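Reproduced below: query.txt, with compact mmCIF, C-alpha atoms.
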```txt
# COMPACT_ATOMS: atom_id res chain seq x y z
CA MET A 1 40.76 29.47 -0.53
CA ARG A 2 38.26 29.03 2.31
CA PRO A 3 35.14 30.28 0.56
CA LYS A 4 35.97 28.17 -2.46
CA LEU A 5 36.42 25.10 -0.28
CA ALA A 6 33.06 25.81 1.32
CA ALA A 7 31.49 26.15 -2.09
CA HIS A 8 32.93 22.80 -3.17
CA HIS A 9 31.75 21.20 0.03
CA GLY A 10 28.28 22.64 -0.51
CA LEU A 11 28.19 21.28 -4.01
CA VAL A 12 29.13 17.80 -2.85
CA MET A 13 26.43 17.88 -0.16
CA LEU A 14 23.90 19.04 -2.73
CA LEU A 15 24.85 16.14 -4.99
CA LEU A 16 24.43 13.67 -2.13
CA LEU A 17 21.08 15.17 -1.19
CA ALA A 18 19.83 15.01 -4.78
CA THR A 19 20.87 11.37 -4.97
CA ALA A 20 19.11 10.47 -1.73
CA ASN A 21 15.96 12.32 -2.80
CA SER A 22 15.74 10.62 -6.15
CA ALA A 23 16.27 7.24 -4.50
CA TYR A 24 13.33 7.98 -2.20
CA ALA A 25 11.08 9.00 -5.09
CA GLU A 26 12.17 5.92 -7.03
CA GLY A 27 10.48 3.76 -4.38
CA GLU A 28 7.20 5.59 -4.90
CA ARG A 29 7.54 5.50 -8.66
CA GLU A 30 8.15 1.78 -8.57
CA LEU A 31 5.08 1.17 -6.38
CA TYR A 32 3.06 3.34 -8.74
CA LEU A 33 4.26 1.46 -11.83
CA LEU A 34 3.64 -1.92 -10.25
CA HIS A 35 0.15 -1.24 -8.90
CA CYS A 36 -1.30 1.64 -10.97
CA GLY A 37 0.93 2.30 -13.98
CA GLY A 38 -0.32 -0.62 -16.07
CA CYS A 39 -3.72 1.03 -16.61
CA HIS A 40 -3.09 4.67 -15.69
CA ARG A 41 0.15 4.38 -17.71
CA PRO A 42 3.68 5.24 -16.56
CA HIS A 43 3.15 9.03 -16.68
CA GLY A 44 -0.44 9.06 -15.45
CA TYR A 45 -2.16 9.93 -18.73
CA GLY A 46 -4.59 7.00 -18.46
CA ALA A 47 -6.49 5.65 -21.47
CA GLU A 48 -9.81 7.49 -21.72
CA PRO A 49 -12.62 6.56 -21.61
CA GLU A 50 -11.79 3.25 -19.92
CA VAL A 51 -9.05 4.57 -17.63
CA PRO A 52 -9.15 8.12 -16.24
CA GLY A 53 -5.98 10.22 -16.27
CA LEU A 54 -4.32 11.16 -12.99
CA ARG A 55 -2.73 14.42 -14.05
CA ASP A 56 -3.72 17.94 -12.92
CA ALA A 57 -7.40 17.15 -12.23
CA LEU A 58 -6.66 15.57 -8.85
CA GLY A 59 -5.16 18.80 -7.49
CA LYS A 60 -8.65 20.31 -7.82
CA MET A 61 -10.39 17.21 -6.52
CA VAL A 62 -8.60 17.34 -3.15
CA GLN A 63 -10.07 20.83 -2.62
CA VAL A 64 -13.74 19.74 -2.48
CA GLU A 65 -15.37 17.88 0.39
CA GLY A 66 -14.84 14.14 0.15
CA GLY A 67 -12.22 14.56 -2.57
CA ARG A 68 -9.24 13.41 -0.53
CA ASP A 69 -11.12 10.36 0.73
CA TYR A 70 -12.32 9.50 -2.76
CA LEU A 71 -8.73 9.02 -3.95
CA ILE A 72 -8.42 6.24 -1.36
CA ARG A 73 -11.97 4.86 -1.58
CA VAL A 74 -12.02 4.40 -5.36
CA PRO A 75 -11.91 0.61 -5.97
CA GLY A 76 -8.63 0.68 -7.92
CA ALA A 77 -6.93 2.21 -4.87
CA ALA A 78 -8.85 0.67 -1.95
CA GLN A 79 -8.72 -2.87 -3.34
CA SER A 80 -5.10 -2.91 -4.45
CA PRO A 81 -3.08 -5.69 -2.81
CA ILE A 82 -0.90 -3.20 -0.89
CA THR A 83 -0.66 -1.94 2.69
CA ASP A 84 -2.22 1.32 3.91
CA ARG A 85 1.27 2.78 4.18
CA GLU A 86 2.08 1.88 0.57
CA LEU A 87 -1.23 3.32 -0.59
CA GLN A 88 -0.49 6.53 1.31
CA ARG A 89 2.94 6.80 -0.31
CA ILE A 90 1.57 6.18 -3.82
CA VAL A 91 -1.36 8.62 -3.60
CA ASN A 92 0.75 11.42 -2.12
CA TRP A 93 3.36 10.80 -4.79
CA ILE A 94 0.71 10.97 -7.56
CA LEU A 95 -0.55 14.27 -6.14
CA LEU A 96 2.90 15.85 -5.91
CA GLU A 97 4.32 14.35 -9.10
CA PHE A 98 1.40 14.70 -11.52
CA ASN A 99 -0.69 17.48 -9.94
CA ALA A 100 1.79 20.01 -8.58
CA ASP A 101 0.33 22.80 -10.75
CA THR A 102 -3.24 22.45 -9.44
CA LEU A 103 -2.67 21.59 -5.78
CA PRO A 104 -3.73 24.32 -3.33
CA PRO A 105 -0.82 26.22 -1.76
CA ASP A 106 -1.78 24.97 1.71
CA PHE A 107 -1.97 21.30 0.62
CA THR A 108 -1.01 18.80 3.30
CA PRO A 109 -0.22 15.22 2.23
CA LEU A 110 -2.68 12.51 3.24
CA SER A 111 -1.88 11.06 6.66
CA LEU A 112 -1.69 7.35 7.34
CA GLN A 113 -4.70 7.59 9.65
CA GLU A 114 -6.70 9.38 6.97
CA VAL A 115 -5.84 6.64 4.46
CA SER A 116 -6.70 3.78 6.85
CA MET A 117 -10.06 5.35 7.78
CA ALA A 118 -11.09 6.13 4.19
CA ARG A 119 -10.11 2.66 3.03
CA THR A 120 -12.66 0.98 5.29
CA ASN A 121 -15.45 3.17 3.93
CA VAL A 122 -16.39 1.21 0.78
CA LEU A 123 -18.00 3.11 -2.09
CA ALA A 124 -21.32 1.45 -2.95
CA ASP A 125 -21.52 3.20 -6.32
CA PRO A 126 -18.13 4.64 -7.29
CA LEU A 127 -19.24 6.03 -10.64
CA LYS A 128 -22.21 7.94 -9.19
CA PHE A 129 -20.03 9.32 -6.39
CA ARG A 130 -17.40 10.38 -8.89
CA GLN A 131 -19.93 12.25 -11.02
CA GLN A 132 -21.24 14.11 -7.96
CA LEU A 133 -17.70 14.95 -6.95
CA TRP A 134 -16.91 16.36 -10.39
CA ARG A 135 -20.01 18.52 -10.35
CA GLN A 136 -18.72 19.92 -7.06
CA VAL A 137 -15.26 20.48 -8.51
CA LEU A 138 -16.69 22.28 -11.55
CA ALA A 139 -18.98 24.42 -9.37
CA THR A 140 -16.13 25.58 -7.14
CA SER A 141 -13.70 26.28 -9.99
CA GLN A 142 -16.15 28.59 -11.81
CA MET B 1 55.48 34.69 -47.28
CA MET B 2 57.07 32.53 -44.55
CA GLY B 3 59.16 29.55 -45.52
CA SER B 4 58.53 26.15 -43.94
CA GLN B 5 61.59 26.64 -41.70
CA GLU B 6 60.16 29.91 -40.37
CA ILE B 7 56.76 28.35 -39.71
CA LEU B 8 58.38 25.54 -37.72
CA ARG B 9 60.49 28.03 -35.72
CA TRP B 10 57.44 30.16 -34.99
CA LEU B 11 55.51 27.06 -33.87
CA ASP B 12 58.44 26.06 -31.66
CA ASP B 13 58.63 29.50 -30.06
CA PHE B 14 54.91 29.69 -29.56
CA THR B 15 54.69 26.27 -27.89
CA GLN B 16 57.66 26.97 -25.67
CA LYS B 17 56.39 30.37 -24.56
CA SER B 18 52.86 29.27 -23.88
CA SER B 19 54.00 26.17 -21.96
CA ARG B 20 56.38 28.20 -19.79
CA GLY B 21 53.69 30.82 -19.23
CA LEU B 22 51.19 28.19 -18.19
CA ALA B 23 53.69 26.57 -15.82
CA GLN B 24 54.52 29.96 -14.22
CA ARG B 25 50.96 31.14 -13.84
CA SER B 26 49.19 28.01 -12.62
CA SER B 27 49.75 25.68 -9.67
CA ARG B 28 49.90 21.96 -10.18
CA ARG B 29 48.08 21.28 -6.96
CA HIS B 30 45.21 23.46 -8.05
CA PHE B 31 44.97 21.54 -11.27
CA MET B 32 45.04 18.17 -9.49
CA GLY B 33 42.37 19.41 -7.09
CA ARG B 34 40.14 20.47 -9.92
CA LEU B 35 40.71 17.20 -11.76
CA GLY B 36 39.88 15.23 -8.60
CA ALA B 37 36.69 17.18 -8.05
CA LEU B 38 35.71 16.59 -11.65
CA LEU B 39 36.29 12.83 -11.35
CA VAL B 40 34.35 12.55 -8.09
CA GLY B 41 31.59 14.75 -9.47
CA ALA B 42 31.34 12.73 -12.65
CA SER B 43 31.08 9.47 -10.72
CA ALA B 44 28.13 10.89 -8.72
CA LEU B 45 26.29 12.14 -11.78
CA PRO B 46 24.86 8.85 -13.06
CA LEU B 47 23.08 8.46 -9.70
CA LEU B 48 21.14 11.68 -10.18
CA PRO B 49 17.43 11.57 -11.14
CA VAL B 50 17.09 8.22 -12.76
CA ALA B 51 14.11 8.81 -14.99
CA ARG B 52 16.05 7.10 -17.76
CA VAL B 53 15.65 3.81 -15.90
CA PHE B 54 11.94 4.01 -16.51
CA ALA B 55 12.19 5.23 -20.06
CA ALA B 56 11.81 2.70 -22.84
CA ASP B 57 13.02 -0.87 -22.86
CA GLN B 58 16.62 -1.27 -21.74
CA THR B 59 17.44 -4.28 -23.86
CA ASP B 60 20.62 -2.60 -25.12
CA THR B 61 22.30 -2.44 -21.73
CA LEU B 62 20.72 -5.45 -20.05
CA LYS B 63 22.56 -8.74 -19.71
CA GLU B 64 20.15 -11.50 -20.61
CA MET B 65 20.17 -15.20 -21.38
CA GLY B 66 17.67 -17.62 -22.86
CA ASP B 67 15.45 -17.76 -25.91
CA PRO B 68 12.75 -15.06 -26.27
CA LYS B 69 10.76 -17.52 -28.40
CA SER B 70 10.51 -19.93 -25.49
CA CYS B 71 7.97 -19.68 -22.66
CA ASP B 72 10.68 -20.21 -20.05
CA TYR B 73 12.51 -17.01 -21.07
CA TRP B 74 12.92 -14.97 -17.87
CA ARG B 75 10.78 -11.99 -18.90
CA TYR B 76 7.70 -14.19 -19.34
CA CYS B 77 7.40 -15.15 -15.63
CA ALA B 78 3.85 -13.75 -15.44
CA LEU B 79 2.79 -13.83 -19.06
CA GLY B 80 -0.53 -15.39 -20.06
CA GLY B 81 -1.07 -15.54 -23.81
CA THR B 82 0.94 -16.12 -26.95
CA LEU B 83 4.47 -14.83 -27.63
CA CYS B 84 4.84 -12.08 -30.23
CA THR B 85 8.38 -13.34 -30.92
CA CYS B 86 6.81 -16.37 -32.63
CA CYS B 87 4.34 -14.28 -34.63
CA GLY B 88 6.56 -11.90 -36.59
CA GLY B 89 7.17 -9.42 -33.76
CA SER B 90 9.98 -9.11 -31.25
CA VAL B 91 10.11 -9.28 -27.46
CA THR B 92 9.22 -5.55 -27.37
CA THR B 93 7.43 -4.86 -30.66
CA CYS B 94 4.12 -6.02 -32.10
CA PRO B 95 3.99 -7.98 -35.37
CA PRO B 96 3.15 -5.87 -38.45
CA GLY B 97 -0.55 -5.00 -38.53
CA ALA B 98 -1.11 -5.42 -34.79
CA GLU B 99 -1.54 -2.44 -32.50
CA PRO B 100 0.08 -2.31 -29.04
CA SER B 101 -2.39 -1.73 -26.23
CA PRO B 102 -1.50 1.46 -24.32
CA ILE B 103 -2.41 -0.16 -21.03
CA SER B 104 -0.59 -3.17 -19.72
CA TRP B 105 -0.10 -5.67 -16.95
CA ILE B 106 2.98 -4.85 -14.88
CA GLY B 107 4.81 -7.35 -12.71
CA THR B 108 8.33 -8.24 -11.69
CA CYS B 109 10.62 -11.05 -12.89
CA ARG B 110 14.10 -12.08 -11.76
CA ASN B 111 16.77 -11.93 -14.42
CA PRO B 112 18.96 -15.04 -14.02
CA ALA B 113 21.85 -13.28 -15.79
CA ASP B 114 22.38 -10.78 -12.95
CA GLY B 115 20.09 -12.09 -10.18
CA LYS B 116 18.13 -8.80 -10.02
CA ASP B 117 14.37 -8.21 -10.21
CA TYR B 118 12.99 -6.05 -12.98
CA LEU B 119 9.63 -4.40 -13.61
CA ILE B 120 8.13 -5.99 -16.70
CA SER B 121 5.26 -4.50 -18.67
CA TYR B 122 3.18 -7.05 -20.60
CA ASN B 123 1.53 -5.18 -23.46
CA ASP B 124 -0.99 -7.02 -25.60
CA CYS B 125 -0.84 -6.59 -29.35
CA CYS B 126 -4.35 -6.22 -30.68
CA GLY B 127 -6.41 -5.91 -33.85
CA LYS B 128 -5.56 -9.24 -35.48
CA ALA B 129 -6.86 -12.75 -34.92
CA VAL B 130 -5.03 -14.62 -32.18
CA CYS B 131 -1.61 -15.94 -33.18
CA ASN B 132 -1.72 -19.64 -32.41
CA ARG B 133 2.01 -20.21 -32.08
CA CYS B 134 3.96 -20.34 -28.79
CA TYR B 135 1.17 -20.38 -26.25
CA CYS B 136 2.57 -19.50 -22.83
CA HIS B 137 1.03 -19.39 -19.39
CA ARG B 138 3.10 -18.56 -16.32
CA SER B 139 1.69 -16.95 -13.26
CA GLU B 140 4.23 -15.52 -10.80
CA ARG B 141 2.38 -13.09 -8.51
CA ASP B 142 -0.73 -13.46 -10.66
CA LEU B 143 -3.99 -13.19 -8.69
CA PRO B 144 -7.46 -14.60 -9.45
CA VAL B 145 -9.80 -12.47 -11.58
CA TYR B 146 -11.48 -10.98 -8.50
CA ALA B 147 -8.37 -8.78 -8.42
CA PRO B 148 -8.63 -7.73 -12.07
CA SER B 149 -5.60 -5.44 -12.07
CA LYS B 150 -3.41 -8.36 -11.03
CA ALA B 151 -4.99 -11.10 -13.14
CA ASN B 152 -3.21 -12.00 -16.34
CA ASP B 153 -6.11 -14.08 -17.67
CA ILE B 154 -7.89 -10.87 -18.62
CA LEU B 155 -7.35 -9.53 -22.12
CA TRP B 156 -5.66 -6.16 -21.99
CA CYS B 157 -6.77 -4.83 -25.38
CA PHE B 158 -8.23 -1.58 -24.07
CA GLY B 159 -7.71 1.78 -25.74
CA THR B 160 -7.08 0.15 -29.10
CA GLN B 161 -9.11 0.20 -32.33
CA SER B 162 -10.02 -3.44 -31.96
CA HIS B 163 -10.29 -5.62 -28.87
CA ALA B 164 -9.12 -8.70 -30.77
CA TYR B 165 -6.11 -10.24 -28.98
CA HIS B 166 -3.13 -11.26 -31.11
CA CYS B 167 -0.08 -11.78 -28.85
CA THR B 168 1.89 -10.28 -25.94
CA VAL B 169 5.26 -8.49 -25.64
CA ALA B 170 7.36 -8.10 -22.48
CA VAL B 171 9.03 -4.70 -22.01
CA VAL B 172 11.60 -4.10 -19.25
CA MET B 173 10.64 -0.87 -17.45
CA GLY B 174 13.45 -0.72 -14.93
CA GLU B 175 15.00 -2.39 -11.96
CA ALA B 176 12.69 -3.34 -9.10
CA SER B 177 14.46 -2.83 -5.82
CA ALA B 178 13.49 0.38 -4.09
CA ALA B 179 9.94 -0.41 -2.94
```

Render the structure in this file as C-alpha cells.
Amino acid sequence: MRPKLAAHHGLVMLLLLATANSAYAEGERELYLLHCGGCHRPHGYGAEPEVPGLRDALGKMVQVEGGRDYLIRVPGAAQSPITDRELQRIVNWILLEFNADTLPPDFTPLSLQEVSMARTNVLADPLKFRQQLWRQVLATSQ
Amino acid sequence: MMGSQEILRWLDDFTQKSSRGLAQRSSRRHFMGRLGALLVGASALPLLPVARVFAADQTDTLKEMGDPKSCDYWRYCALGGTLCTCCGGSVTTCPPGAEPSPISWIGTCRNPADGKDYLISYNDCCGKAVCNRCYCHRSERDLPVYAPSKANDILWCFGTQSHAYHCTVAVVMGEASAA
C-alpha cells in the first residue's frame, strides 16, 4: 500500500500547488484587466489600429536593444496609476501569458530596478521610437 | 423460451452471486478510502485554474439587488453616460442596431448583495444617435481626462463602424480581490 499512499499524497500536493499557482496568477490577471484590459482587451488582442495587440510580438521586441525598456516607457504603461511593483508584475505576466511562444529561451523577467529606472526615462515621441524599434525587430528576425 | 418465473429466478441468482462475489473480493475500507479521496478531490477541483471567472458575464450565478434601469444600481458606480437598459438593451447587451465597442472602461464596484468587489467592464454601444433616457453619471475611482485610460468622460466608441455614442452596458468580469 505504501507506493499507492505516496501517489495519493503526491496528487494532493499537486492539487494544492496548482491552486496556489492559479491564485497567484489571478492577481496579475486582475491588475491587467483593471489597468490594461479595457483597451488591449481581456486576452490581449487589442483593437487595431487604435490599440496594438500584446500577443506574440512582444516576445520578439524584448530581444532587441531598448525593447524591454520600451514596454515600461510606453505612455500607457509608464503613466498608469500603479506602483512600479505592480507594473513589473503586469508586464512580466503579459510576456509569459501572451508571448510564451516567441520569448527567447534565456528570457529573464524584468527586475523591479529595471522597471523603476525605465519608468523615469520619458519617451518624447513614443510613436517614432516604436517605429524604429519595429524596424530593428524586423531586421533581426530576417 | 424462458418463462417469466425462470427469468426472475435467473435474475435472483445473478444478483445474489455477483453481490457475494463483490463482497468477497473487495474490502470495505478500500472502498471508503477511495470514496473519501474522490470527495476531497472533487471539493478541490473548483479552485483549479479559474479562467471561467473572467469569461463572460456571470449574471446567472451572481446575487444582485436593485433596479438595472436606475443610476444607483450597484454596477453603475463608475458609469458616465446613458443606460442601455432604458434604451431597448439589457445590462449586458446593446439595443438592436447598436454595436458594442470592443474596448471598454474597466473599474470595480462593490455588490451590496454579498459585500464583495467585482471588476466591471463598461462597454459603450455605438452607431446610433445618443439615447436620451436614463442619463447617469457616477465616478468612483474615475480620474480627470489627463489620465485618459481612467476617465469615464471620454467616449469609448473605438474599433466600431461608427463613433456615434448610444448608451453603455455594465458587464461583470469577475471578482476583484486578489490584487

Mind checking which residues fall within 8 Å of Lys116 in chain B, counting only C-alpha atoms, ignoring those fewer than 6 positions away in the same chain, and posting them as a list in words? Arg110, Glu175 and Ala176 of chain B

Residues just named, written with C-alpha atoms as a tab-separated table (two decimals), keeping the file's coordinate frame:
```tsv
chain	number	residue	atom	x	y	z
B	110	ARG	CA	14.10	-12.08	-11.76
B	175	GLU	CA	15.00	-2.39	-11.96
B	176	ALA	CA	12.69	-3.34	-9.10
```

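The environment of Tyr122 in chain B within 6 Å, counting only C-alpha atoms and disregarding residues fewer than 6 places along the same chain, consists of B:Ser104, B:Trp105, B:Val169, B:Ala170.
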
Please produce a file of those selected residues containing C-alpha atoms, as an mmCIF file, keeping the file's coordinate frame.
```cif
data_model
loop_
_atom_site.group_PDB
_atom_site.id
_atom_site.type_symbol
_atom_site.label_atom_id
_atom_site.label_comp_id
_atom_site.auth_asym_id
_atom_site.auth_seq_id
_atom_site.Cartn_x
_atom_site.Cartn_y
_atom_site.Cartn_z
ATOM 1 C CA SER B 104 -0.590 -3.170 -19.720
ATOM 2 C CA TRP B 105 -0.100 -5.670 -16.950
ATOM 3 C CA VAL B 169 5.260 -8.490 -25.640
ATOM 4 C CA ALA B 170 7.360 -8.100 -22.480
#
```

Exercise: Glu97 in chain A partners within 9 Å, all atoms listed in the file, chain neighbours under 4 positions left out, as a list in words: Arg55, Asn92 and Trp93 of chain A

If I put a ball of radius 12 Å at (-13.2, 11.4, -14.5) in the file's coordinates, which residues poke into it when counting only C-alpha atoms, written as an MDAnalysis selection string? chainID A and resid 45:58 61 70:71 74 126:135 137:138

For the atom pair CA of Ala77 in chain A and CA of Tyr165 in chain B, what is the interatomic distance in Å to one decimal place? 27.1 Å

What does the structure give for the distance between CA of Ser177 in chain B and CA of Leu34 in chain A, in Å to one decimal? 11.7 Å

Can you tell me which residues surround range 90-99 of chain B at a distance of at most 6 Å, considering only C-alpha atoms, apart from same-chain residues fewer than 5 positions away, and format the answer as a ChimeraX atom specification? /B:85,125-128,169-171

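Distance-wise, CA of Ser27 in chain B and CA of Phe14 in chain B end up 20.9 Å apart.
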
Given all atoms listed in the file as the counted atoms, nearest of B:Ser70, B:Asn123, B:Thr61, B:Thr15 to chain A: B:Asn123

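Distance check against chain B using all atoms listed in the file: of A:Ala78, A:Ile94, A:Val64, A:Leu123, the minimum falls on A:Ala78.
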
Using only C-alpha atoms, which residues sit within 8 Å of Met65 in chain B once same-chain residues fewer than 2 positions away are excluded, as a PyMOL selection string? chain B and resi 63+67+73+112-113

Those residues you just picked out, can you put them in a file as a CSV table (one decimal), in the coordinates of the input with C-alpha atoms?
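Final file, part.csv:
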```
chain,number,residue,atom,x,y,z
B,63,LYS,CA,22.6,-8.7,-19.7
B,67,ASP,CA,15.4,-17.8,-25.9
B,73,TYR,CA,12.5,-17.0,-21.1
B,112,PRO,CA,19.0,-15.0,-14.0
B,113,ALA,CA,21.8,-13.3,-15.8
```
